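coords-v1.cif (mmCIF, C-alpha atoms and all ligand atoms) appears below.
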data_target
#
loop_
_atom_site.group_PDB
_atom_site.id
_atom_site.type_symbol
_atom_site.label_atom_id
_atom_site.label_comp_id
_atom_site.auth_asym_id
_atom_site.auth_seq_id
_atom_site.Cartn_x
_atom_site.Cartn_y
_atom_site.Cartn_z
ATOM 1 C CA MET A 13 -190.936 42.754 48.544
ATOM 2 C CA LYS A 14 -193.261 40.943 50.965
ATOM 3 C CA LYS A 15 -194.907 42.967 53.708
ATOM 4 C CA LYS A 16 -194.090 42.176 57.322
ATOM 5 C CA THR A 17 -196.907 41.747 59.778
ATOM 6 C CA SER A 18 -196.885 41.521 63.535
ATOM 7 C CA TYR A 19 -199.705 38.985 63.419
ATOM 8 C CA GLN A 20 -199.050 35.327 64.047
ATOM 9 C CA LEU A 21 -200.904 32.330 62.706
ATOM 10 C CA ALA A 22 -201.880 31.528 66.304
ATOM 11 C CA ASP A 23 -203.883 34.770 66.430
ATOM 12 C CA ILE A 24 -206.516 33.188 64.206
ATOM 13 C CA PHE A 25 -205.893 29.443 64.307
ATOM 14 C CA THR A 26 -204.357 26.687 66.413
ATOM 15 C CA CYS A 27 -204.951 23.131 65.275
ATOM 16 C CA THR A 28 -206.499 20.930 67.973
ATOM 17 C CA ARG A 29 -205.633 17.800 65.950
ATOM 18 C CA CYS A 30 -209.252 16.678 66.183
ATOM 19 C CA GLY A 31 -209.002 15.061 62.739
ATOM 20 C CA TYR A 32 -212.399 16.265 61.478
ATOM 21 C CA CYS A 33 -210.866 17.640 58.293
ATOM 22 C CA CYS A 34 -209.480 14.205 57.371
ATOM 23 C CA GLN A 35 -212.956 12.583 57.537
ATOM 24 C CA GLY A 36 -215.525 12.245 54.784
ATOM 25 C CA GLU A 37 -216.209 10.512 51.518
ATOM 26 C CA THR A 38 -213.649 12.386 49.458
ATOM 27 C CA THR A 39 -210.332 14.218 49.852
ATOM 28 C CA VAL A 40 -208.575 17.170 48.296
ATOM 29 C CA SER A 41 -206.980 16.680 44.882
ATOM 30 C CA LEU A 42 -203.227 16.330 44.501
ATOM 31 C CA ASP A 43 -201.505 18.550 41.961
ATOM 32 C CA THR A 44 -198.256 17.450 40.294
ATOM 33 C CA GLU A 45 -196.068 18.870 43.068
ATOM 34 C CA ASP A 46 -198.213 17.169 45.710
ATOM 35 C CA GLN A 47 -197.830 13.854 43.939
ATOM 36 C CA GLU A 48 -194.039 14.152 43.750
ATOM 37 C CA ARG A 49 -193.793 15.238 47.393
ATOM 38 C CA MET A 50 -195.914 12.320 48.549
ATOM 39 C CA ILE A 51 -193.968 9.820 46.442
ATOM 40 C CA ALA A 52 -190.680 11.111 47.891
ATOM 41 C CA LYS A 53 -192.006 10.986 51.442
ATOM 42 C CA LEU A 54 -193.289 7.434 51.084
ATOM 43 C CA GLY A 55 -190.160 6.190 49.332
ATOM 44 C CA LEU A 56 -192.130 4.080 46.889
ATOM 45 C CA THR A 57 -192.523 4.134 43.125
ATOM 46 C CA ARG A 58 -195.268 6.227 41.537
ATOM 47 C CA GLN A 59 -197.102 3.056 40.579
ATOM 48 C CA GLU A 60 -196.900 1.644 44.095
ATOM 49 C CA VAL A 61 -198.166 4.874 45.640
ATOM 50 C CA ALA A 62 -200.976 5.121 43.088
ATOM 51 C CA GLU A 63 -202.102 1.549 43.650
ATOM 52 C CA LYS A 64 -201.930 1.678 47.419
ATOM 53 C CA TYR A 65 -202.980 5.211 48.299
ATOM 54 C CA TRP A 66 -204.598 7.080 45.409
ATOM 55 C CA ARG A 67 -208.000 7.208 43.837
ATOM 56 C CA VAL A 68 -207.456 8.273 40.234
ATOM 57 C CA THR A 69 -210.429 9.501 38.213
ATOM 58 C CA GLY A 70 -209.316 10.657 34.782
ATOM 59 C CA LYS A 71 -206.749 13.365 35.535
ATOM 60 C CA VAL A 72 -207.959 13.867 39.098
ATOM 61 C CA VAL A 73 -205.817 12.274 41.793
ATOM 62 C CA GLN A 74 -207.189 12.065 45.320
ATOM 63 C CA MET A 75 -206.349 9.942 48.326
ATOM 64 C CA LYS A 76 -208.269 6.764 48.992
ATOM 65 C CA ILE A 77 -210.907 6.736 51.678
ATOM 66 C CA VAL A 78 -210.890 3.968 54.281
ATOM 67 C CA ASP A 79 -213.545 3.716 57.011
ATOM 68 C CA LYS A 80 -214.839 7.173 56.026
ATOM 69 C CA HIS A 81 -211.503 8.927 56.446
ATOM 70 C CA CYS A 82 -208.393 9.602 54.376
ATOM 71 C CA ILE A 83 -206.216 6.514 54.093
ATOM 72 C CA PHE A 84 -203.366 8.359 55.809
ATOM 73 C CA TYR A 85 -205.347 9.294 58.898
ATOM 74 C CA THR A 86 -205.082 7.340 62.152
ATOM 75 C CA GLU A 87 -206.617 8.252 65.479
ATOM 76 C CA GLU A 88 -203.300 7.724 67.272
ATOM 77 C CA THR A 89 -201.054 9.776 64.964
ATOM 78 C CA GLY A 90 -203.345 11.956 62.900
ATOM 79 C CA CYS A 91 -201.818 12.450 59.455
ATOM 80 C CA THR A 92 -199.231 9.721 58.870
ATOM 81 C CA VAL A 93 -197.839 11.375 55.736
ATOM 82 C CA HIS A 94 -197.557 14.839 57.270
ATOM 83 C CA GLU A 95 -194.535 16.246 55.384
ATOM 84 C CA GLY A 96 -195.809 14.626 52.198
ATOM 85 C CA ARG A 97 -199.408 15.795 52.487
ATOM 86 C CA PRO A 98 -201.048 17.829 49.703
ATOM 87 C CA TRP A 99 -200.576 21.566 50.076
ATOM 88 C CA ARG A 100 -204.320 22.066 50.347
ATOM 89 C CA CYS A 101 -204.282 19.917 53.481
ATOM 90 C CA GLY A 102 -201.601 22.219 54.864
ATOM 91 C CA GLN A 103 -203.625 25.256 53.844
ATOM 92 C CA TRP A 104 -206.761 24.089 55.646
ATOM 93 C CA PRO A 105 -208.716 25.715 57.253
ATOM 94 C CA LEU A 106 -207.388 29.109 56.116
ATOM 95 C CA HIS A 107 -208.942 29.039 52.681
ATOM 96 C CA PRO A 108 -208.924 32.465 50.974
ATOM 97 C CA SER A 109 -212.594 32.004 50.039
ATOM 98 C CA MET A 110 -213.339 33.091 53.602
ATOM 99 C CA LEU A 111 -212.160 36.572 52.712
ATOM 100 C CA ALA A 112 -214.757 37.005 50.020
ATOM 101 C CA ASP A 113 -217.789 35.414 51.612
ATOM 102 C CA LYS A 114 -218.852 35.527 55.240
ATOM 103 C CA ASN A 115 -220.884 32.350 54.776
ATOM 104 C CA ASN A 116 -217.734 30.476 53.787
ATOM 105 C CA PHE A 117 -216.080 31.787 56.923
ATOM 106 C CA LEU A 118 -218.979 30.688 59.122
ATOM 107 C CA THR A 119 -219.171 27.245 57.503
ATOM 108 C CA ILE A 120 -215.447 26.625 57.880
ATOM 109 C CA ARG A 121 -215.372 28.060 61.397
ATOM 110 C CA ASP A 122 -218.181 25.719 62.427
ATOM 111 C CA SER A 123 -216.351 22.699 61.036
ATOM 112 C CA CYS A 124 -212.936 23.471 62.534
ATOM 113 C CA PRO A 125 -212.509 23.845 66.292
ATOM 114 C CA GLY A 126 -209.034 25.317 65.781
ATOM 115 C CA ILE A 127 -210.299 28.658 64.501
ATOM 116 C CA ASN A 128 -210.259 31.455 67.043
ATOM 117 C CA LYS A 129 -213.981 31.840 67.769
ATOM 118 C CA GLU A 130 -213.524 35.165 69.503
ATOM 119 C CA LEU A 131 -212.815 37.009 66.287
ATOM 120 C CA ARG A 132 -215.504 38.593 64.181
ATOM 121 C CA TRP A 133 -215.302 37.933 60.443
ATOM 122 C CA GLU A 134 -213.899 41.383 59.664
ATOM 123 C CA LYS A 135 -211.042 41.086 62.150
ATOM 124 C CA PHE A 136 -210.342 37.490 61.151
ATOM 125 C CA CYS A 137 -210.128 38.548 57.495
ATOM 126 C CA HIS A 138 -207.864 41.462 58.325
ATOM 127 C CA ILE A 139 -205.365 39.172 60.035
ATOM 128 C CA LEU A 140 -205.633 36.407 57.429
ATOM 129 C CA GLN A 141 -205.057 38.900 54.628
ATOM 130 C CA GLN A 142 -201.967 40.239 56.376
ATOM 131 C CA LEU A 143 -200.605 36.724 56.739
ATOM 132 C CA LEU A 144 -201.376 35.898 53.093
ATOM 133 C CA ASP A 145 -199.685 39.111 51.940
ATOM 134 C CA GLN A 146 -196.607 37.896 53.714
ATOM 135 C CA GLU A 147 -196.827 34.265 52.592
ATOM 136 C CA GLU A 148 -198.984 33.505 49.550
ATOM 137 C CA LYS A 149 -199.070 29.769 50.209
ATOM 138 C CA LEU A 150 -199.760 29.945 53.909
ATOM 139 C CA ILE A 151 -199.266 26.527 55.517
ATOM 140 C CA CYS A 152 -200.893 25.931 58.886
HETATM 141 S S1 LIG B 201 -207.490 21.817 60.943
HETATM 142 FE FE1 LIG B 201 -209.295 22.070 62.234
HETATM 143 S S2 LIG B 201 -210.614 20.305 61.772
HETATM 144 FE FE2 LIG B 201 -208.532 19.821 61.048
HETATM 145 S S3 LIG B 201 -207.508 18.734 62.749
HETATM 146 FE FE3 LIG B 201 -207.002 20.916 62.957
HETATM 147 S S4 LIG B 201 -208.566 21.742 64.345
HETATM 148 FE FE4 LIG B 201 -209.343 19.773 63.566
HETATM 149 S S1 LIG B 202 -203.178 13.681 53.768
HETATM 150 FE FE1 LIG B 202 -203.096 13.896 55.970
HETATM 151 S S2 LIG B 202 -203.952 15.944 56.387
HETATM 152 FE FE2 LIG B 202 -204.566 15.377 54.312
HETATM 153 S S3 LIG B 202 -206.602 14.451 54.521
HETATM 154 FE FE3 LIG B 202 -205.072 12.795 54.584
HETATM 155 S S4 LIG B 202 -204.641 12.456 56.750
HETATM 156 FE FE4 LIG B 202 -205.650 14.470 56.558
#

Turn this file's structure into structure tokens for me.
Amino acid sequence: MKKKTSYQLADIFTCTRCGYCCQGETTVSLDTEDQERMIAKLGLTRQEVAEKYWRVTGKVVQMKIVDKHCIFYTEETGCTVHEGRPWRCGQWPLHPSMLADKNNFLTIRDSCPGINKELRWEKFCHILQQLLDQEEKLIC
């Protein structure tokens, strides 16, 4: 049975929709479930989605980059495939690696303005762990 916690996601993170996490030269990888979810959301065939939106390298499927950001990102809307986005996009920035390594926490905190900057690492980890105990695949 999952533990209940009185903590809320908003205690440690509130997305400002700045879009920084959708920028860069590469994106997260899509697992099989991500691929199916994205295909369903876009209402296209697998081949159409792959040709238009994916960068496939061997078995690794990522999203294409356009103008140094994910192909689905626009300044006006943010993520235009929101319900069909990869689960790792939904997980960001609350990556469990922050629990094990303070440097990971500091790096991620510096790159994401949505993280509550008033919390020390120990307190942040305490709350994040409680939330993860309740929901293993925590989606922000
Ligand atoms: S997750 Fe962080 S970096 Fe990404 S849009 Fe939200 S506040 Fe910005
Ligand atoms: S799928 Fe959406 S959330 Fe993920 S990188 Fe692209 S625009 Fe950002």

Original post:
Restricting the calculation to all atoms listed in the file, which member of A:Asp23, A:Glu37, A:Glu147, A:Glu134 is positioned closest to Lys80 (chain A)?
Top reply: A:Glu37

Subject >> Evaluate the PyMOL selection byres (((not hetatm)) within 9 of (chain B and resi 201)) and report residues as a list in words >> reply: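 Taken on the displayed file, the PyMOL selection byres (((not hetatm)) within 9 of (chain B and resi 201)) yields the residues Phe25, Thr26, Cys27, Thr28, Arg29, Cys30, Gly31, Tyr32, Cys33, Cys34, Gly90, Cys101, Gly102, Gln103, Trp104, Pro105, Leu106, Ile120, Arg121, Ser123, Cys124, Pro125, Gly126, Ile127 and Cys152 of chain A.
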
I'd like the neighbourhood of Leu118 (chain A) as a tab-separated table (two decimals) with C-alpha atoms, in the coordinates of the input, where a residue qualifies if any of its atoms comes within 12 Å (using only C-alpha atoms), though same-chain residues fewer than 4 positions away should be ignored.
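result.tsv written:
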chain	number	residue	atom	x	y	z
A	105	PRO	CA	-208.72	25.72	57.25
A	109	SER	CA	-212.59	32.00	50.04
A	110	MET	CA	-213.34	33.09	53.60
A	111	LEU	CA	-212.16	36.57	52.71
A	112	ALA	CA	-214.76	37.01	50.02
A	113	ASP	CA	-217.79	35.41	51.61
A	114	LYS	CA	-218.85	35.53	55.24
A	122	ASP	CA	-218.18	25.72	62.43
A	123	SER	CA	-216.35	22.70	61.04
A	124	CYS	CA	-212.94	23.47	62.53
A	125	PRO	CA	-212.51	23.84	66.29
A	127	ILE	CA	-210.30	28.66	64.50
A	128	ASN	CA	-210.26	31.46	67.04
A	129	LYS	CA	-213.98	31.84	67.77
A	131	LEU	CA	-212.82	37.01	66.29
A	132	ARG	CA	-215.50	38.59	64.18
A	133	TRP	CA	-215.30	37.93	60.44
A	134	GLU	CA	-213.90	41.38	59.66
A	136	PHE	CA	-210.34	37.49	61.15
A	137	CYS	CA	-210.13	38.55	57.50

**OP:** For CA of Thr69 (chain A) and CA of Pro108 (chain A), determine how far apart the two atoms are, in Å to one decimal place.
**Re:**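 These two atoms are separated by 26.3 Å.
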
Subject >> Expansion of the PyMOL selection byres (((not hetatm)) within 8 of (chain B and resi 202)) into residues, as number ranges by chain >> reply: A: 31, 33-35, 39-40, 75, 81-86, 90-94, 96-98, 100-102

Original post:
In Å, with one decimal, what is the gap from CA of Asn116 (chain A) to CA of Ser18 (chain A)?
Top reply: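 We find that CA of Asn116 (chain A) and CA of Ser18 (chain A) lie 25.5 Å from each other.
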
Original post:
Which residue out of A:Ile151, A:Leu143, A:Ile77, A:Ala52 has the minimum interatomic distance to Gly36 (chain A) when all atoms listed in the file are used?
Top reply: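 Under the stated criterion, the closest residue is A:Ile77.
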